[in-house]
$ cat structure.csv   # CSV, C-alpha atoms and all ligand atoms
chain,number,residue,atom,x,y,z
O,19,MET,CA,-24.0,-3.7,-11.7
O,20,ARG,CA,-20.6,-4.5,-10.4
O,21,ALA,CA,-18.0,-1.7,-9.9
O,22,LEU,CA,-14.3,-2.2,-9.3
O,23,ILE,CA,-13.2,0.4,-6.9
O,24,LEU,CA,-9.5,1.5,-7.1
O,25,SER,CA,-7.7,4.2,-5.2
O,26,ASP,CA,-4.2,5.6,-4.6
O,27,ILE,CA,-2.5,3.5,-7.3
O,28,HIS,CA,0.5,5.9,-7.1
O,29,ALA,CA,2.1,4.7,-10.4
O,30,ASN,CA,2.8,1.3,-9.0
O,31,MET,CA,2.2,-0.7,-12.2
O,32,GLN,CA,3.1,-4.0,-10.6
O,33,ALA,CA,0.4,-3.6,-8.0
O,34,LEU,CA,-2.1,-2.4,-10.6
O,35,ALA,CA,-1.4,-5.4,-12.8
O,36,ALA,CA,-1.9,-7.8,-9.9
O,37,VAL,CA,-5.2,-6.1,-9.0
O,38,LEU,CA,-6.6,-6.2,-12.5
O,39,ALA,CA,-5.6,-9.9,-12.8
O,40,ALA,CA,-7.4,-10.7,-9.6
O,41,ALA,CA,-10.4,-8.5,-10.1
O,42,PRO,CA,-13.6,-10.3,-10.8
O,43,GLU,CA,-15.8,-9.4,-13.7
O,44,HIS,CA,-17.1,-5.9,-13.5
O,45,ASP,CA,-19.0,-3.3,-15.5
O,46,ILE,CA,-17.2,-0.2,-14.5
O,47,VAL,CA,-14.2,1.1,-12.6
O,48,TRP,CA,-14.6,3.9,-10.0
O,49,ASN,CA,-11.2,5.5,-9.5
O,50,LEU,CA,-10.8,7.6,-6.3
O,51,GLY,CA,-7.6,9.4,-7.4
O,52,ASP,CA,-3.9,9.6,-6.9
O,53,VAL,CA,-3.2,7.5,-10.0
O,54,VAL,CA,0.4,8.8,-10.0
O,55,GLY,CA,3.1,10.2,-7.6
O,56,TYR,CA,5.6,8.1,-5.5
O,57,GLY,CA,5.8,5.1,-7.9
O,58,ALA,CA,8.1,4.7,-10.8
O,59,SER,CA,5.6,3.8,-13.6
O,60,PRO,CA,3.4,6.9,-14.2
O,61,ASN,CA,3.3,6.4,-18.0
O,62,GLU,CA,2.5,2.7,-18.0
O,63,THR,CA,-0.1,3.3,-15.3
O,64,ILE,CA,-2.0,6.0,-17.3
O,65,VAL,CA,-1.8,3.9,-20.5
O,66,CYS,CA,-3.3,0.9,-18.6
O,67,LEU,CA,-6.0,3.0,-16.9
O,68,LYS,CA,-7.1,4.6,-20.2
O,69,GLU,CA,-8.1,1.1,-21.4
O,70,LEU,CA,-10.6,0.8,-18.6
O,71,ASN,CA,-14.2,2.0,-18.5
O,72,SER,CA,-13.8,4.4,-15.6
O,73,VAL,CA,-15.3,7.2,-13.6
O,74,TYR,CA,-12.6,9.3,-11.9
O,75,VAL,CA,-12.1,11.8,-9.1
O,76,ARG,CA,-8.7,13.5,-8.9
O,77,GLY,CA,-6.3,13.2,-6.1
O,78,ASN,CA,-3.9,15.7,-4.6
O,79,HIS,CA,-0.9,14.0,-6.3
O,80,ASP,CA,-2.7,14.0,-9.6
O,81,ARG,CA,-3.0,17.8,-9.3
O,82,ALA,CA,0.5,18.3,-8.2
O,83,CYS,CA,2.2,16.0,-10.8
O,84,CYS,CA,0.4,17.8,-13.7
O,85,GLY,CA,1.3,21.2,-12.3
O,86,LEU,CA,-2.3,22.2,-11.4
O,87,THR,CA,-1.3,23.0,-7.8
O,88,SER,CA,1.9,24.0,-6.1
O,89,LEU,CA,4.0,21.5,-4.1
O,90,ASP,CA,4.1,23.8,-1.0
O,91,ASP,CA,2.1,21.4,1.1
O,92,PHE,CA,4.2,18.3,0.1
O,93,ASN,CA,7.0,16.9,2.2
O,94,PRO,CA,10.4,16.7,0.6
O,95,VAL,CA,10.0,13.1,-0.5
O,96,ALA,CA,6.5,13.7,-2.0
O,97,ARG,CA,7.8,16.8,-3.7
O,98,GLN,CA,10.8,15.1,-5.3
O,99,ALA,CA,8.5,12.3,-6.6
O,100,ALA,CA,6.0,14.8,-8.0
O,101,GLU,CA,8.7,16.7,-9.8
O,102,TRP,CA,10.2,13.5,-11.2
O,103,THR,CA,6.7,12.4,-12.3
O,104,HIS,CA,6.0,15.8,-14.0
O,105,GLY,CA,9.2,15.4,-16.0
O,106,GLN,CA,8.4,11.8,-17.1
O,107,LEU,CA,4.9,12.6,-18.4
O,108,SER,CA,4.2,13.8,-21.9
O,109,ARG,CA,2.1,17.0,-22.4
O,110,SER,CA,-1.0,14.9,-23.3
O,111,ARG,CA,-0.7,12.7,-20.2
O,112,ARG,CA,-0.3,15.8,-18.0
O,113,LYS,CA,-3.4,17.3,-19.6
O,114,TRP,CA,-5.3,14.0,-19.0
O,115,LEU,CA,-4.4,14.3,-15.3
O,116,CYS,CA,-5.3,18.0,-15.2
O,117,ASP,CA,-8.7,17.2,-16.6
O,118,LEU,CA,-9.6,14.6,-14.0
O,119,PRO,CA,-12.8,15.9,-12.2
O,120,GLN,CA,-12.8,17.1,-8.6
O,121,GLY,CA,-15.0,15.1,-6.3
O,122,PRO,CA,-17.6,14.4,-5.1
O,123,VAL,CA,-18.8,12.6,-8.1
O,124,GLU,CA,-22.1,10.8,-8.0
O,125,VAL,CA,-21.9,7.3,-9.5
O,126,GLY,CA,-25.3,5.9,-8.7
O,127,GLU,CA,-28.3,6.6,-6.5
O,128,GLY,CA,-26.9,7.4,-3.1
O,129,LEU,CA,-23.4,6.4,-4.2
O,130,VAL,CA,-20.7,9.1,-4.1
O,131,CYS,CA,-16.9,8.9,-4.9
O,132,VAL,CA,-14.4,11.4,-3.4
O,133,HIS,CA,-10.7,11.5,-2.8
O,134,GLY,CA,-10.5,12.9,0.7
O,135,SER,CA,-14.1,13.6,1.6
O,136,ALA,CA,-17.2,15.3,0.2
O,137,ALA,CA,-16.4,18.2,2.5
O,138,ASP,CA,-12.8,18.7,1.2
O,139,GLU,CA,-10.9,16.7,-1.4
O,140,ASP,CA,-7.7,17.1,0.6
O,141,ILE,CA,-8.9,16.0,4.0
O,142,TYR,CA,-7.8,12.8,5.6
O,143,VAL,CA,-10.8,10.9,7.1
O,144,GLN,CA,-9.1,9.1,10.0
O,145,THR,CA,-11.3,9.8,13.0
O,146,LEU,CA,-15.0,9.5,13.8
O,147,GLY,CA,-15.3,13.3,13.8
O,148,GLU,CA,-13.9,13.6,10.3
O,149,ALA,CA,-16.2,10.7,9.2
O,150,ILE,CA,-19.2,12.5,10.6
O,151,ASP,CA,-18.2,15.7,8.8
O,152,ALA,CA,-17.7,13.8,5.6
O,153,LEU,CA,-21.1,12.3,5.6
O,154,GLN,CA,-22.8,15.5,6.6
O,155,ALA,CA,-21.3,17.1,3.5
O,156,ALA,CA,-23.0,14.6,1.3
O,157,PRO,CA,-26.5,14.3,2.9
O,158,SER,CA,-28.0,12.2,0.2
O,159,ALA,CA,-25.2,9.7,0.1
O,160,TRP,CA,-25.9,6.2,1.3
O,161,VAL,CA,-22.3,5.2,0.6
O,162,GLU,CA,-19.4,7.6,0.3
O,163,PHE,CA,-16.3,5.8,-1.2
O,164,TYR,CA,-13.1,7.6,-0.3
O,165,GLY,CA,-9.4,7.2,-0.6
O,166,HIS,CA,-6.4,9.4,0.4
O,167,THR,CA,-5.6,7.8,3.7
O,168,HIS,CA,-4.3,4.5,2.1
O,169,VAL,CA,-6.1,2.6,4.9
O,170,GLN,CA,-8.6,0.0,3.9
O,171,GLY,CA,-11.9,0.0,5.8
O,172,GLY,CA,-14.0,2.9,7.0
O,173,PHE,CA,-16.9,4.0,9.2
O,174,VAL,CA,-20.5,2.8,9.5
O,175,ARG,CA,-23.4,4.6,11.1
O,176,SER,CA,-26.3,2.3,12.1
O,177,ASP,CA,-29.2,2.7,14.5
O,178,ASP,CA,-27.0,1.9,17.5
O,179,GLY,CA,-24.4,4.5,16.5
O,180,TRP,CA,-21.1,4.6,14.7
O,181,TYR,CA,-18.5,2.0,14.4
O,182,VAL,CA,-15.1,1.7,12.7
O,183,PHE,CA,-15.0,-1.0,10.0
O,184,LYS,CA,-11.8,-2.9,9.2
O,185,PRO,CA,-11.8,-6.0,6.9
O,186,GLU,CA,-10.4,-9.1,8.7
O,187,TYR,CA,-7.9,-11.3,6.9
O,188,THR,CA,-6.1,-14.5,8.0
O,189,SER,CA,-2.7,-14.0,6.4
O,190,LYS,CA,-0.4,-11.4,5.0
O,191,HIS,CA,0.8,-13.3,2.0
O,192,ASN,CA,-2.2,-14.8,0.1
O,193,GLU,CA,-4.9,-13.3,-2.0
O,194,GLU,CA,-7.9,-12.8,0.2
O,195,PHE,CA,-11.3,-11.1,0.4
O,196,PHE,CA,-13.7,-9.9,3.1
O,197,ASP,CA,-17.4,-9.2,2.5
O,198,LEU,CA,-19.3,-6.3,4.0
O,199,PRO,CA,-23.1,-6.8,3.4
O,200,MET,CA,-24.7,-3.5,2.8
O,201,ARG,CA,-28.0,-2.5,4.5
O,202,ARG,CA,-30.4,0.3,3.7
O,203,GLY,CA,-31.0,2.7,6.5
O,204,VAL,CA,-27.3,2.4,7.4
O,205,ARG,CA,-24.7,4.9,6.1
O,206,TYR,CA,-21.3,4.0,5.0
O,207,LEU,CA,-18.0,5.7,4.5
O,208,LEU,CA,-15.7,3.2,2.8
O,209,ASN,CA,-12.1,3.1,1.6
O,210,PRO,CA,-11.1,0.3,-0.8
O,211,GLY,CA,-7.5,0.7,0.3
O,212,SER,CA,-4.5,1.8,-1.7
O,213,VAL,CA,-3.5,-0.2,-4.7
O,214,GLY,CA,0.0,1.0,-4.9
O,215,GLN,CA,1.1,2.2,-1.5
O,216,PRO,CA,-0.9,0.7,1.4
O,217,ARG,CA,-0.3,2.3,4.9
O,218,ASP,CA,-2.3,0.0,7.1
O,219,GLY,CA,0.4,-2.4,7.9
O,220,ASP,CA,-0.4,-4.8,5.1
O,221,TRP,CA,1.9,-4.7,2.0
O,222,ARG,CA,-0.6,-6.3,-0.3
O,223,ALA,CA,-2.5,-4.2,-2.9
O,224,GLY,CA,-5.9,-3.2,-1.7
O,225,PHE,CA,-9.1,-2.7,-3.7
O,226,ALA,CA,-12.9,-3.4,-3.5
O,227,LEU,CA,-15.8,-4.5,-5.6
O,228,TYR,CA,-19.3,-3.2,-5.1
O,229,ASP,CA,-22.1,-5.5,-6.3
O,230,ASP,CA,-25.6,-3.9,-6.2
O,231,VAL,CA,-27.4,-7.2,-7.1
O,232,VAL,CA,-26.3,-8.9,-3.8
O,233,SER,CA,-25.7,-5.6,-2.1
O,234,VAL,CA,-22.2,-6.4,-0.9
O,235,VAL,CA,-18.9,-4.6,-0.9
O,236,ARG,CA,-16.1,-7.1,-1.1
O,237,PHE,CA,-12.7,-5.9,0.0
O,238,TYR,CA,-9.5,-7.6,-1.4
O,239,ARG,CA,-5.8,-7.9,-0.7
O,240,VAL,CA,-3.6,-9.3,-3.3
O,241,PRO,CA,0.2,-9.9,-3.4
O,242,TYR,CA,2.1,-8.4,-6.2
O,243,ASP,CA,5.7,-8.2,-7.6
O,244,LEU,CA,7.0,-6.0,-4.8
O,245,ASP,CA,10.7,-6.6,-5.7
O,246,ARG,CA,10.2,-5.3,-9.2
O,247,ALA,CA,8.3,-2.2,-8.0
O,248,GLN,CA,11.0,-1.4,-5.5
O,249,LYS,CA,13.8,-1.9,-8.0
O,250,LYS,CA,12.1,0.4,-10.5
O,251,ILE,CA,11.8,3.2,-7.8
O,252,LEU,CA,15.5,2.9,-7.0
O,253,ALA,CA,16.5,2.7,-10.7
O,254,ALA,CA,14.6,5.9,-11.3
O,255,GLY,CA,16.6,7.7,-8.6
O,256,LEU,CA,13.5,8.3,-6.5
O,257,PRO,CA,14.0,8.5,-2.7
O,258,GLU,CA,14.9,5.0,-1.2
O,259,ARG,CA,12.1,5.4,1.4
O,260,LEU,CA,9.5,5.1,-1.3
O,261,ALA,CA,10.8,1.7,-2.1
O,262,THR,CA,11.4,0.4,1.4
O,263,ARG,CA,8.0,1.5,2.8
O,264,LEU,CA,6.2,-0.8,0.3
O,265,ALA,CA,7.6,-3.9,2.0
O,266,ASN,CA,5.6,-3.4,5.3
O,267,GLY,CA,2.8,-1.3,4.0
O,268,LEU,CA,3.6,1.7,6.2
O,301,ZN,ZN,-2.6,8.9,-2.1
$ encode --input "structure.csv" --output "structure tokens"
Amino acid sequence: MRALILSDIHANMQALAAVLAAAPEHDIVWNLGDVVGYGASPNETIVCLKELNSVYVRGNHDRACCGLTSLDDFNPVARQAAEWTHGQLSRSRRKWLCDLPQGPVEVGEGLVCVHGSAADEDIYVQTLGEAIDALQAAPSAWVEFYGHTHVQGGFVRSDDGWYVFKPEYTSKHNEEFFDLPMRRGVRYLLNPGSVGQPRDGDWRAGFALYDDVVSVVRFYRVPYDLDRAQKKILAAGLPERLATRLANGL
């Protein structure tokens, strides 16, 4: 079984199209949430995703953009984008967002998908302490796939302790991948990276592929039509910052 793992697409249709074009053959998509919010293509993104055979967990932006939760915790830029997205979506697409399930969702034996963490869907797992809490909240998980931070990589607990995992690439312009061989007896907390708004200093769209035959998670970065994504954001009247930040992945 090969699962394509997508997270934090954020209505960036140009990035999603590049990811789907680059993605190797797969049986299923595991989507870790935040399909909309920030980007200028919420309708196209949802239409495209509905064609895929996917398991979802919802993200905080999905909840906010469909009106399920208030925007009180959002900064002004995120709030403006969520309000704009809400206005763009038809009632049926808003309902589709509202119906996305809350994580954790089990996708296989010992395999769990969450948006923030199994402890709290809105928590950002950025430190070792947060990673330990996240794995403790899913005691039967061998691998917990998470999103929300928009940072590709994660945390690994082996016999000799914890370490931070970050895929290593040789450029910032080409399509590249990095393999993480998976071992039993080791526990993993892995983020495939953000498709549509990376925040780890690399502008390329991030995603991952889990292959249970060879027991590898392959992390990818792929370039996409950045210029078009930025122009769409500006043409929509969304905050300029949402366009400029895409250029450096911050
Ligand atoms: Zn997000």
$ atom_distance --input "structure.csv" --atom1 "CA of Gly134 (chain O)" --atom2 "CA of Pro257 (chain O)"
25.1 Å
$ residues_near_ligand --input "structure.csv" --ligand "ligand ZN 301 (chain O)" --cutoff "10 Å" --atoms "all atoms listed in the file" --output "compact mmCIF listing (two decimals) with C-alpha atoms, in the coordinates of the input"
# COMPACT_ATOMS: atom_id res chain seq x y z
CA SER O 25 -7.70 4.20 -5.20
CA ASP O 26 -4.20 5.60 -4.60
CA ILE O 27 -2.50 3.50 -7.30
CA HIS O 28 0.50 5.90 -7.10
CA LEU O 50 -10.80 7.60 -6.30
CA GLY O 51 -7.60 9.40 -7.40
CA ASP O 52 -3.90 9.60 -6.90
CA VAL O 53 -3.20 7.50 -10.00
CA VAL O 54 0.40 8.80 -10.00
CA GLY O 55 3.10 10.20 -7.60
CA TYR O 56 5.60 8.10 -5.50
CA GLY O 77 -6.30 13.20 -6.10
CA ASN O 78 -3.90 15.70 -4.60
CA HIS O 79 -0.90 14.00 -6.30
CA ASP O 80 -2.70 14.00 -9.60
CA HIS O 133 -10.70 11.50 -2.80
CA GLY O 134 -10.50 12.90 0.70
CA GLY O 165 -9.40 7.20 -0.60
CA HIS O 166 -6.40 9.40 0.40
CA THR O 167 -5.60 7.80 3.70
CA HIS O 168 -4.30 4.50 2.10
CA GLY O 211 -7.50 0.70 0.30
CA SER O 212 -4.50 1.80 -1.70
CA VAL O 213 -3.50 -0.20 -4.70
CA GLY O 214 0.00 1.00 -4.90
CA GLN O 215 1.10 2.20 -1.50
CA PRO O 216 -0.90 0.70 1.40
CA ARG O 217 -0.30 2.30 4.90
$ closest_residue --input "structure.csv" --among "O:Ile150, O:Val174, O:Ala155, O:Ala29" --to "Leu107 (chain O)" --atoms "all atoms listed in the file"
O:Ala29
$ closest_atom_pairs --input "structure.csv" --of "region 240-263 of chain O" --to "region 188-199 of chain O" --cutoff "10 Å" --atoms "all atoms listed in the file" --output "Markdown table"
| residue | atom | partner | partner_atom | distance |
| --- | --- | --- | --- | --- |
| O:Val240 | CA | O:Glu193 | CA | 4.4 |
| O:Pro241 | CA | O:Glu193 | CA | 6.3 |
| O:Tyr242 | CA | O:Glu193 | CA | 9.5 |
$ atom_distance --input "structure.csv" --atom1 "CA of Tyr164 (chain O)" --atom2 "CA of Asn209 (chain O)"
5.0 Å
$ atom_distance --input "structure.csv" --atom1 "CA of Ala265 (chain O)" --atom2 "CA of Gln170 (chain O)"
16.8 Å
$ closest_residue --input "structure.csv" --among "O:Leu208, O:Leu67, O:Leu268, O:Ala40" --to "Tyr228 (chain O)" --atoms "only C-alpha atoms"
O:Leu208
$ closest_residue --input "structure.csv" --among "O:Ser233, O:Arg81, O:Arg239, O:Leu207" --to "Glu186 (chain O)" --atoms "only C-alpha atoms"
O:Arg239
$ residues_around --input "structure.csv" --residues "Glu101 (chain O)" --least-positions-apart "6" --cutoff "10 Å" --atoms "only C-alpha atoms" --output "VMD selection string"
chain O and resid 55 82 to 85 89
$ residues_near_point --input "structure.csv" --point "(8.8, 2.2, -1.7)" --cutoff "8 Å" --atoms "only C-alpha atoms" --output "ChimeraX atom specification"
/O:56-57,215,247-248,251,258-265
$ closest_residue --input "structure.csv" --among "O:Val75, O:Val65, O:Ala35, O:Ala99" --to "Asp243 (chain O)" --atoms "all atoms listed in the file"
O:Ala35
$ residues_around --input "structure.csv" --residues "region 119-122 of chain O" --least-positions-apart "4" --cutoff "7 Å" --atoms "all atoms listed in the file" --output "list of chain:residue names"
O:Tyr74, O:Val75, O:Arg76, O:Val130, O:Cys131, O:Val132, O:His133, O:Ala136, O:Glu139
$ closest_residue --input "structure.csv" --among "O:Trp114, O:Leu22, O:Glu127, O:Glu162" --to "Arg236 (chain O)" --atoms "all atoms listed in the file"
O:Leu22
$ closest_residue --input "structure.csv" --among "O:Lys250, O:Arg112, O:Arg222, O:Arg202" --to "Val234 (chain O)" --atoms "all atoms listed in the file"
O:Arg202
$ residues_near_point --input "structure.csv" --point "(11.1, 6.5, -13.2)" --cutoff "9 Å" --atoms "only C-alpha atoms" --output "PDB file with C-alpha atoms, in the coordinates of the input"
ATOM      1  CA  GLY O  57       5.800   5.100  -7.900  1.00  0.00           C
ATOM      2  CA  ALA O  58       8.100   4.700 -10.800  1.00  0.00           C
ATOM      3  CA  SER O  59       5.600   3.800 -13.600  1.00  0.00           C
ATOM      4  CA  PRO O  60       3.400   6.900 -14.200  1.00  0.00           C
ATOM      5  CA  TRP O 102      10.200  13.500 -11.200  1.00  0.00           C
ATOM      6  CA  THR O 103       6.700  12.400 -12.300  1.00  0.00           C
ATOM      7  CA  GLN O 106       8.400  11.800 -17.100  1.00  0.00           C
ATOM      8  CA  LYS O 250      12.100   0.400 -10.500  1.00  0.00           C
ATOM      9  CA  ILE O 251      11.800   3.200  -7.800  1.00  0.00           C
ATOM     10  CA  LEU O 252      15.500   2.900  -7.000  1.00  0.00           C
ATOM     11  CA  ALA O 253      16.500   2.700 -10.700  1.00  0.00           C
ATOM     12  CA  ALA O 254      14.600   5.900 -11.300  1.00  0.00           C
ATOM     13  CA  GLY O 255      16.600   7.700  -8.600  1.00  0.00           C
ATOM     14  CA  LEU O 256      13.500   8.300  -6.500  1.00  0.00           C
TER      15      LEU O 256
END
$ decode --input "structure.csv" --residues "region 214-226 of chain O" --atoms "N, CA, C and O atoms" --output "mmCIF file, in the first residue's frame"
data_model
loop_
_atom_site.group_PDB
_atom_site.id
_atom_site.type_symbol
_atom_site.label_atom_id
_atom_site.label_comp_id
_atom_site.auth_asym_id
_atom_site.auth_seq_id
_atom_site.Cartn_x
_atom_site.Cartn_y
_atom_site.Cartn_z
ATOM 1 N N GLY O 214 0.890 24.110 0.318
ATOM 2 C CA GLY O 214 0.581 25.430 -0.232
ATOM 3 C C GLY O 214 1.150 26.635 0.476
ATOM 4 O O GLY O 214 1.036 27.759 -0.036
ATOM 5 N N GLN O 215 1.769 26.443 1.664
ATOM 6 C CA GLN O 215 2.375 27.597 2.335
ATOM 7 C C GLN O 215 3.493 27.128 3.274
ATOM 8 O O GLN O 215 3.375 27.224 4.494
ATOM 9 N N PRO O 216 4.589 26.602 2.710
ATOM 10 C CA PRO O 216 5.685 26.114 3.560
ATOM 11 C C PRO O 216 6.250 27.237 4.449
ATOM 12 O O PRO O 216 6.264 28.403 4.041
ATOM 13 N N ARG O 217 6.676 26.859 5.655
ATOM 14 C CA ARG O 217 7.264 27.840 6.580
ATOM 15 C C ARG O 217 8.602 27.354 7.110
ATOM 16 O O ARG O 217 8.992 27.672 8.239
ATOM 17 N N ASP O 218 9.295 26.537 6.313
ATOM 18 C CA ASP O 218 10.594 26.036 6.776
ATOM 19 C C ASP O 218 11.741 26.558 5.921
ATOM 20 O O ASP O 218 12.804 25.955 5.834
ATOM 21 N N GLY O 219 11.512 27.721 5.315
ATOM 22 C CA GLY O 219 12.584 28.367 4.568
ATOM 23 C C GLY O 219 12.793 27.794 3.172
ATOM 24 O O GLY O 219 13.787 28.117 2.521
ATOM 25 N N ASP O 220 11.893 26.964 2.741
ATOM 26 C CA ASP O 220 11.985 26.357 1.398
ATOM 27 C C ASP O 220 10.641 26.595 0.722
ATOM 28 O O ASP O 220 9.608 26.124 1.206
ATOM 29 N N TRP O 221 10.657 27.332 -0.375
ATOM 30 C CA TRP O 221 9.384 27.746 -0.998
ATOM 31 C C TRP O 221 8.676 26.608 -1.708
ATOM 32 O O TRP O 221 7.468 26.681 -1.972
ATOM 33 N N ARG O 222 9.423 25.528 -2.019
ATOM 34 C CA ARG O 222 8.825 24.444 -2.813
ATOM 35 C C ARG O 222 7.729 23.711 -2.030
ATOM 36 O O ARG O 222 7.825 23.545 -0.808
ATOM 37 N N ALA O 223 6.729 23.221 -2.758
ATOM 38 C CA ALA O 223 5.632 22.478 -2.136
ATOM 39 C C ALA O 223 6.177 21.199 -1.500
ATOM 40 O O ALA O 223 7.003 20.496 -2.097
ATOM 41 N N GLY O 224 5.712 20.908 -0.295
ATOM 42 C CA GLY O 224 6.162 19.711 0.411
ATOM 43 C C GLY O 224 5.061 18.662 0.484
ATOM 44 O O GLY O 224 3.880 19.004 0.601
ATOM 45 N N PHE O 225 5.453 17.413 0.399
ATOM 46 C CA PHE O 225 4.517 16.303 0.622
ATOM 47 C C PHE O 225 5.332 15.047 0.888
ATOM 48 O O PHE O 225 6.570 15.096 0.919
ATOM 49 N N ALA O 226 4.641 13.924 1.123
ATOM 50 C CA ALA O 226 5.357 12.677 1.418
ATOM 51 C C ALA O 226 4.585 11.496 0.868
ATOM 52 O O ALA O 226 3.387 11.598 0.538
#
